[in-house]
Each structure stands twice: as C-alpha cells, then as structure tokens.
$ cat run10.pdb   # PDB, C-alpha atoms, pLDDT in the B column
ATOM      1  CA  MET A 284       6.420  -8.720  -9.121  1.00 58.00           C
ATOM      2  CA  GLU A 285       8.747  -7.691  -6.349  1.00 64.00           C
ATOM      3  CA  PHE A 286       9.275 -10.918  -4.446  1.00 64.00           C
ATOM      4  CA  ASN A 287      11.498  -9.243  -1.851  1.00 65.00           C
ATOM      5  CA  GLN A 288       8.941  -6.597  -0.838  1.00 74.00           C
ATOM      6  CA  PRO A 289       7.169  -6.870   2.506  1.00 79.00           C
ATOM      7  CA  LYS A 290       3.832  -6.475   0.708  1.00 84.00           C
ATOM      8  CA  GLY A 291       2.291  -9.812  -0.271  1.00 91.00           C
ATOM      9  CA  ILE A 292       2.433 -10.869  -3.923  1.00 95.00           C
ATOM     10  CA  TYR A 293      -1.355 -11.119  -4.140  1.00 96.00           C
ATOM     11  CA  LEU A 294      -1.640  -7.507  -2.897  1.00 96.00           C
ATOM     12  CA  GLN A 295       0.926  -6.381  -5.463  1.00 96.00           C
ATOM     13  CA  ILE A 296      -1.083  -8.102  -8.183  1.00 97.00           C
ATOM     14  CA  ALA A 297      -4.310  -6.461  -6.978  1.00 97.00           C
ATOM     15  CA  ASP A 298      -2.570  -3.052  -6.926  1.00 96.00           C
ATOM     16  CA  GLN A 299      -1.274  -3.630 -10.442  1.00 96.00           C
ATOM     17  CA  MET A 300      -4.773  -4.529 -11.625  1.00 97.00           C
ATOM     18  CA  CYS A 301      -6.207  -1.390 -10.012  1.00 97.00           C
ATOM     19  CA  ASP A 302      -3.516   0.680 -11.723  1.00 96.00           C
ATOM     20  CA  ARG A 303      -4.542  -0.775 -15.081  1.00 97.00           C
ATOM     21  CA  ILE A 304      -8.144   0.183 -14.386  1.00 97.00           C
ATOM     22  CA  LEU A 305      -7.211   3.718 -13.331  1.00 96.00           C
ATOM     23  CA  GLN A 306      -4.984   4.169 -16.384  1.00 96.00           C
ATOM     24  CA  GLY A 307      -7.840   3.117 -18.662  1.00 95.00           C
ATOM     25  CA  GLU A 308      -6.124  -0.035 -19.860  1.00 96.00           C
ATOM     26  CA  TRP A 309      -8.951  -2.121 -18.392  1.00 96.00           C
ATOM     27  CA  LEU A 310     -12.354  -0.447 -18.794  1.00 95.00           C
ATOM     28  CA  GLY A 311     -15.624  -1.060 -16.972  1.00 93.00           C
ATOM     29  CA  GLN A 312     -17.650  -4.013 -18.215  1.00 94.00           C
ATOM     30  CA  LYS A 313     -14.669  -5.289 -20.232  1.00 96.00           C
ATOM     31  CA  ARG A 314     -13.206  -8.761 -19.843  1.00 97.00           C
ATOM     32  CA  ILE A 315      -9.859  -9.123 -18.095  1.00 97.00           C
ATOM     33  CA  PRO A 316      -7.398 -12.032 -18.294  1.00 97.00           C
ATOM     34  CA  SER A 317      -8.391 -15.305 -16.676  1.00 97.00           C
ATOM     35  CA  ILE A 318      -6.638 -16.370 -13.502  1.00 97.00           C
ATOM     36  CA  ARG A 319      -4.523 -18.836 -15.450  1.00 97.00           C
ATOM     37  CA  GLU A 320      -3.609 -16.267 -18.140  1.00 97.00           C
ATOM     38  CA  LEU A 321      -2.522 -13.680 -15.584  1.00 97.00           C
ATOM     39  CA  ALA A 322      -0.599 -16.256 -13.536  1.00 97.00           C
ATOM     40  CA  ILE A 323       1.338 -17.318 -16.640  1.00 97.00           C
ATOM     41  CA  ASN A 324       2.040 -13.688 -17.630  1.00 96.00           C
ATOM     42  CA  LEU A 325       3.245 -12.787 -14.137  1.00 95.00           C
ATOM     43  CA  ARG A 326       5.001 -16.132 -13.572  1.00 95.00           C
ATOM     44  CA  VAL A 327       3.250 -16.755 -10.277  1.00 96.00           C
ATOM     45  CA  ASN A 328       1.156 -19.570  -8.882  1.00 96.00           C
ATOM     46  CA  PRO A 329      -2.503 -19.449 -10.015  1.00 97.00           C
ATOM     47  CA  ASN A 330      -3.538 -19.700  -6.333  1.00 98.00           C
ATOM     48  CA  THR A 331      -1.870 -16.334  -5.727  1.00 97.00           C
ATOM     49  CA  VAL A 332      -3.804 -14.725  -8.578  1.00 98.00           C
ATOM     50  CA  THR A 333      -6.998 -16.385  -7.323  1.00 98.00           C
ATOM     51  CA  ARG A 334      -6.464 -14.673  -3.973  1.00 98.00           C
ATOM     52  CA  SER A 335      -6.052 -11.308  -5.736  1.00 98.00           C
ATOM     53  CA  TYR A 336      -9.188 -11.827  -7.816  1.00 98.00           C
ATOM     54  CA  GLN A 337     -11.186 -12.872  -4.751  1.00 98.00           C
ATOM     55  CA  MET A 338     -10.145  -9.737  -2.875  1.00 98.00           C
ATOM     56  CA  LEU A 339     -11.106  -7.526  -5.841  1.00 98.00           C
ATOM     57  CA  ILE A 340     -14.443  -9.329  -6.172  1.00 98.00           C
ATOM     58  CA  GLU A 341     -15.152  -8.701  -2.479  1.00 98.00           C
ATOM     59  CA  ARG A 342     -14.399  -4.989  -3.017  1.00 97.00           C
ATOM     60  CA  LYS A 343     -16.684  -4.979  -6.081  1.00 97.00           C
ATOM     61  CA  ILE A 344     -13.849  -3.932  -8.400  1.00 98.00           C
ATOM     62  CA  ILE A 345     -14.147  -6.991 -10.626  1.00 98.00           C
ATOM     63  CA  GLU A 346     -16.920  -9.523 -11.086  1.00 97.00           C
ATOM     64  CA  ASN A 347     -17.092 -13.119 -12.241  1.00 96.00           C
ATOM     65  CA  GLN A 348     -19.631 -13.890 -14.928  1.00 95.00           C
ATOM     66  CA  ARG A 349     -19.878 -17.663 -14.718  1.00 93.00           C
ATOM     67  CA  GLY A 350     -18.827 -19.437 -17.873  1.00 93.00           C
ATOM     68  CA  ILE A 351     -17.704 -16.180 -19.522  1.00 95.00           C
ATOM     69  CA  GLY A 352     -14.869 -14.863 -17.373  1.00 96.00           C
ATOM     70  CA  TYR A 353     -13.866 -11.964 -15.177  1.00 98.00           C
ATOM     71  CA  PHE A 354     -14.882  -8.384 -15.914  1.00 98.00           C
ATOM     72  CA  VAL A 355     -14.148  -4.933 -14.531  1.00 98.00           C
ATOM     73  CA  SER A 356     -17.209  -3.675 -12.659  1.00 97.00           C
ATOM     74  CA  THR A 357     -18.858  -0.498 -13.868  1.00 96.00           C
ATOM     75  CA  GLU A 358     -18.078   1.312 -10.597  1.00 97.00           C
ATOM     76  CA  ALA A 359     -14.506  -0.019 -10.274  1.00 97.00           C
ATOM     77  CA  ARG A 360     -12.776   3.274 -11.038  1.00 97.00           C
ATOM     78  CA  GLN A 361     -14.772   5.190  -8.420  1.00 97.00           C
ATOM     79  CA  ILE A 362     -14.248   2.468  -5.799  1.00 98.00           C
ATOM     80  CA  ILE A 363     -10.488   2.455  -6.394  1.00 98.00           C
ATOM     81  CA  LEU A 364     -10.230   6.259  -6.315  1.00 97.00           C
ATOM     82  CA  GLN A 365     -12.215   6.460  -3.079  1.00 97.00           C
ATOM     83  CA  LYS A 366     -10.079   3.749  -1.457  1.00 95.00           C
ATOM     84  CA  MET A 367      -6.854   5.456  -2.509  1.00 94.00           C
ATOM     85  CA  LYS A 368      -8.143   8.833  -1.320  1.00 96.00           C
ATOM     86  CA  ASP A 369      -9.107   7.363   2.074  1.00 96.00           C
ATOM     87  CA  GLU A 370      -5.707   5.683   2.434  1.00 94.00           C
ATOM     88  CA  PHE A 371      -3.934   8.934   1.566  1.00 95.00           C
ATOM     89  CA  LEU A 372      -5.985  11.007   4.002  1.00 97.00           C
ATOM     90  CA  HIS A 373      -5.624   8.514   6.871  1.00 96.00           C
ATOM     91  CA  ASP A 374      -2.099   7.169   6.294  1.00 94.00           C
ATOM     92  CA  GLU A 375       0.038   9.447   4.143  1.00 94.00           C
ATOM     93  CA  LEU A 376      -1.264  12.899   5.079  1.00 94.00           C
ATOM     94  CA  PRO A 377      -0.547  12.549   8.825  1.00 95.00           C
ATOM     95  CA  ARG A 378       3.037  11.531   7.942  1.00 94.00           C
ATOM     96  CA  LEU A 379       3.337  14.543   5.644  1.00 93.00           C
ATOM     97  CA  PHE A 380       2.055  16.860   8.394  1.00 93.00           C
ATOM     98  CA  LYS A 381       4.576  15.391  10.845  1.00 95.00           C
ATOM     99  CA  ILE A 382       7.443  16.028   8.422  1.00 95.00           C
ATOM    100  CA  MET A 383       6.161  19.533   7.676  1.00 94.00           C
ATOM    101  CA  ASN A 384       6.156  20.303  11.410  1.00 95.00           C
ATOM    102  CA  LEU A 385       9.655  18.889  11.893  1.00 96.00           C
ATOM    103  CA  LEU A 386      11.025  20.898   8.955  1.00 95.00           C
ATOM    104  CA  ASP A 387       8.974  24.021   9.749  1.00 95.00           C
ATOM    105  CA  ILE A 388       7.293  24.023   6.331  1.00 94.00           C
ATOM    106  CA  ASP A 389       3.982  25.865   6.143  1.00 93.00           C
ATOM    107  CA  ILE A 390       1.035  24.949   3.963  1.00 91.00           C
ATOM    108  CA  GLY A 391       1.716  27.941   1.683  1.00 92.00           C
ATOM    109  CA  GLU A 392       5.059  26.499   0.620  1.00 92.00           C
ATOM    110  CA  ILE A 393       3.416  23.177  -0.134  1.00 90.00           C
ATOM    111  CA  ALA A 394       0.639  24.929  -2.086  1.00 91.00           C
ATOM    112  CA  ASP A 395       3.206  26.804  -4.204  1.00 90.00           C
ATOM    113  CA  HIS A 396       5.065  23.590  -5.035  1.00 89.00           C
ATOM    114  CA  PHE A 397       1.787  21.829  -5.794  1.00 88.00           C
ATOM    115  CA  LYS A 398       0.712  24.600  -8.193  1.00 90.00           C
ATOM    116  CA  ASN A 399       4.082  24.478  -9.963  1.00 89.00           C
ATOM    117  CA  HIS A 400       4.006  20.702 -10.173  1.00 86.00           C
ATOM    118  CA  LYS A 401       0.428  20.588 -11.376  1.00 79.00           C
ATOM    119  CA  GLY A 402       1.162  23.230 -13.993  1.00 72.00           C
ATOM    120  CA  GLY A 403       3.962  21.098 -15.427  1.00 62.00           C
ATOM    121  CA  LYS A 404       6.710  23.400 -14.154  1.00 52.00           C
ATOM    122  CA  SER A 405       9.795  22.095 -12.452  1.00 48.00           C
ATOM    123  CA  ASN A 406      11.675  23.642  -9.535  1.00 46.00           C
ATOM    124  CA  GLU A 407      14.929  21.868 -10.361  1.00 46.00           C
ATOM    125  CA  LYS A 408      18.021  24.013 -10.127  1.00 39.00           C
TER
END

$ encode --input "run10.pdb" --output "structure tokens"
Amino acid sequence: MEFNQPKGIYLQIADQMCDRILQGEWLGQKRIPSIRELAINLRVNPNTVTRSYQMLIERKIIENQRGIGYFVSTEARQIILQKMKDEFLHDELPRLFKIMNLLDIDIGEIADHFKNHKGGKSNEK
C-alpha cells in the first residue's frame, strides 16, 4: 500500500482486488481471503479492509456467503471492465483530447502509435 498517496487505503485495496480479478488470479465464484487474512497480508487495520470489502459488495463485485466466506461474483469481471471503461471515457479521454489539442496531435498519429503498441512493436529510438 502507498500510505503517502492521496487515494484512500481502502480504495487502493479495492483497486488491487479488482486487478487480481481482471488478471485471473481471483476467478468468479471462487473464495477470496477473509478480511483478517488480507489485513494481515497487507499490514493494515482490518477495519480498512472491511471498508474495501463493503464497497465491493455494494458494487456486486464480491459477495459474502455467511459462514463460508467471501467470493468473487460471477459478473465481477464485466462490472469492473465497464466501470474502468466509463472512468476512462469520462475522466481520462477528455484530458487526452485537451493535450492532443495543445500539442496539435491528430487522431491519425494516435491511431498509428496505438497500432504499433498493440502489435508489440516499439517506437523507441
């Protein structure tokens, strides 16, 4: 955890959990660490992890099966991808467009770099 970041620790934990789901480390309908286990592993207060879990439960990314533990929901991956896509389109893309306008970069240049990047090529000189 980055304790000096402006983003709250519980949000960092939730982001880290979502990353694990997206990377396939935590699969749908599979058990994830308990609040206590994760708090010990991350060396944070269990209340902080509880806050992360509660937020992810509210977003239907994880679910609590009473007496058994916490599990990744079956639709978690799609929910996370949609949320990240929405954030990109509403937050990051307008910033990118602003920079493109300031630097007089057209969409064709961006498309060329995207194709090269996606194809595994590098434009390093």

$ residues_around --input "run10.pdb" --residues "A:Pro329" --least-positions-apart "4" --cutoff "12 Å" --atoms "all atoms listed in the file" --output "PyMOL selection string"
chain A and resi 292-293+296+317-325+333-336

$ residues_around --input "run10.pdb" --residues "A:Ile315" --least-positions-apart "3" --cutoff "7 Å" --atoms "all atoms listed in the file" --output "list in words"
Tyr353, Phe354 and Val355 of chain A

$ closest_residue --input "run10.pdb" --among "A:Asp298, A:Gln361, A:Ser356, A:Leu305" --to "A:Val332" --atoms "only C-alpha atoms"
A:Asp298

$ closest_residue --input "run10.pdb" --among "A:Ile388, A:Ile382, A:Met300, A:His396" --to "A:Ile345" --atoms "all atoms listed in the file"
A:Met300

$ atom_distance --input "run10.pdb" --atom1 "atom CA of A:Met338" --atom2 "atom CA of A:Gly291"
12.7 Å

$ atom_distance --input "run10.pdb" --atom1 "atom CA of A:Gln295" --atom2 "atom CA of A:Val327"
11.7 Å

$ atom_distance --input "run10.pdb" --atom1 "atom CA of A:Glu375" --atom2 "atom CA of A:Arg342"
21.6 Å

$ residues_around --input "run10.pdb" --residues "A:Ile304" --least-positions-apart "2" --cutoff "12 Å" --atoms "all atoms listed in the file" --output "number ranges by chain"
A: 297-302, 306-315, 339, 344-345, 354-364

$ axis_aligned_box --input "run10.pdb" --around "stretch 376-395 of chain A" --padding-each-side "4 Å" --output "JSON"
{"center_x": 4.9, "center_y": 19.7, "center_z": 3.8, "size_x": 20.3, "size_y": 24.4, "size_z": 24.1}

$ decode --input "run10.pdb" --residues "stretch 347-381 of chain A" --atoms "N, CA and C atoms" --output "tab-separated table (two decimals), in the first residue's frame"
chain	number	residue	atom	x	y	z
A	347	ASN	N	-20.71	-12.03	0.09
A	347	ASN	CA	-20.46	-12.71	1.35
A	347	ASN	C	-21.43	-13.87	1.47
A	348	GLN	N	-20.89	-15.06	1.56
A	348	GLN	CA	-21.73	-16.24	1.81
A	348	GLN	C	-21.56	-16.56	3.29
A	349	ARG	N	-22.56	-16.21	4.06
A	349	ARG	CA	-22.50	-16.32	5.52
A	349	ARG	C	-22.00	-17.68	5.98
A	350	GLY	N	-21.02	-17.62	6.86
A	350	GLY	CA	-20.46	-18.84	7.44
A	350	GLY	C	-19.44	-19.53	6.56
A	351	ILE	N	-19.32	-19.10	5.31
A	351	ILE	CA	-18.37	-19.73	4.37
A	351	ILE	C	-17.23	-18.79	4.03
A	352	GLY	N	-17.57	-17.52	3.75
A	352	GLY	CA	-16.54	-16.55	3.42
A	352	GLY	C	-16.95	-15.64	2.28
A	353	TYR	N	-15.96	-14.94	1.74
A	353	TYR	CA	-16.19	-14.00	0.65
A	353	TYR	C	-15.78	-14.64	-0.67
A	354	PHE	N	-16.58	-14.34	-1.70
A	354	PHE	CA	-16.37	-14.93	-3.02
A	354	PHE	C	-16.47	-13.86	-4.09
A	355	VAL	N	-15.76	-14.09	-5.19
A	355	VAL	CA	-15.86	-13.21	-6.36
A	355	VAL	C	-17.20	-13.52	-7.02
A	356	SER	N	-17.96	-12.49	-7.36
A	356	SER	CA	-19.25	-12.71	-8.02
A	356	SER	C	-19.02	-13.17	-9.46
A	357	THR	N	-20.00	-13.82	-10.01
A	357	THR	CA	-19.85	-14.34	-11.37
A	357	THR	C	-19.73	-13.22	-12.40
A	358	GLU	N	-20.33	-12.08	-12.14
A	358	GLU	CA	-20.28	-10.96	-13.10
A	358	GLU	C	-19.22	-9.92	-12.75
A	359	ALA	N	-18.35	-10.22	-11.80
A	359	ALA	CA	-17.35	-9.26	-11.32
A	359	ALA	C	-16.48	-8.69	-12.44
A	360	ARG	N	-15.97	-9.55	-13.28
A	360	ARG	CA	-15.08	-9.09	-14.35
A	360	ARG	C	-15.76	-8.07	-15.26
A	361	GLN	N	-16.99	-8.35	-15.66
A	361	GLN	CA	-17.73	-7.44	-16.53
A	361	GLN	C	-18.03	-6.12	-15.83
A	362	ILE	N	-18.38	-6.19	-14.55
A	362	ILE	CA	-18.67	-4.97	-13.79
A	362	ILE	C	-17.42	-4.09	-13.70
A	363	ILE	N	-16.29	-4.71	-13.41
A	363	ILE	CA	-15.03	-3.96	-13.29
A	363	ILE	C	-14.65	-3.34	-14.63
A	364	LEU	N	-14.72	-4.13	-15.70
A	364	LEU	CA	-14.37	-3.61	-17.03
A	364	LEU	C	-15.26	-2.45	-17.42
A	365	GLN	N	-16.56	-2.56	-17.16
A	365	GLN	CA	-17.48	-1.47	-17.51
A	365	GLN	C	-17.17	-0.22	-16.70
A	366	LYS	N	-16.88	-0.38	-15.41
A	366	LYS	CA	-16.55	0.76	-14.56
A	366	LYS	C	-15.27	1.44	-15.04
A	367	MET	N	-14.26	0.64	-15.36
A	367	MET	CA	-13.00	1.21	-15.83
A	367	MET	C	-13.17	1.91	-17.18
A	368	LYS	N	-13.97	1.31	-18.04
A	368	LYS	CA	-14.24	1.91	-19.35
A	368	LYS	C	-14.95	3.25	-19.18
A	369	ASP	N	-15.97	3.29	-18.31
A	369	ASP	CA	-16.69	4.54	-18.05
A	369	ASP	C	-15.77	5.61	-17.49
A	370	GLU	N	-14.92	5.23	-16.53
A	370	GLU	CA	-13.98	6.19	-15.95
A	370	GLU	C	-13.02	6.72	-17.01
A	371	PHE	N	-12.54	5.84	-17.88
A	371	PHE	CA	-11.63	6.27	-18.94
A	371	PHE	C	-12.32	7.26	-19.87
A	372	LEU	N	-13.51	6.90	-20.31
A	372	LEU	CA	-14.23	7.74	-21.28
A	372	LEU	C	-14.63	9.10	-20.69
A	373	HIS	N	-14.94	9.14	-19.40
A	373	HIS	CA	-15.40	10.39	-18.78
A	373	HIS	C	-14.30	11.19	-18.11
A	374	ASP	N	-13.20	10.55	-17.71
A	374	ASP	CA	-12.14	11.25	-16.99
A	374	ASP	C	-10.85	11.39	-17.80
A	375	GLU	N	-10.35	10.28	-18.28
A	375	GLU	CA	-9.05	10.28	-18.95
A	375	GLU	C	-9.11	10.80	-20.39
A	376	LEU	N	-10.10	10.38	-21.14
A	376	LEU	CA	-10.19	10.75	-22.55
A	376	LEU	C	-10.30	12.26	-22.75
A	377	PRO	N	-11.11	12.98	-21.98
A	377	PRO	CA	-11.14	14.44	-22.15
A	377	PRO	C	-9.77	15.08	-21.89
A	378	ARG	N	-9.01	14.55	-20.92
A	378	ARG	CA	-7.66	15.06	-20.67
A	378	ARG	C	-6.75	14.79	-21.86
A	379	LEU	N	-6.87	13.59	-22.42
A	379	LEU	CA	-6.07	13.23	-23.59
A	379	LEU	C	-6.40	14.16	-24.76
A	380	PHE	N	-7.68	14.42	-25.00
A	380	PHE	CA	-8.09	15.31	-26.08
A	380	PHE	C	-7.53	16.72	-25.87
A	381	LYS	N	-7.54	17.18	-24.63
A	381	LYS	CA	-7.00	18.52	-24.32
A	381	LYS	C	-5.51	18.58	-24.67
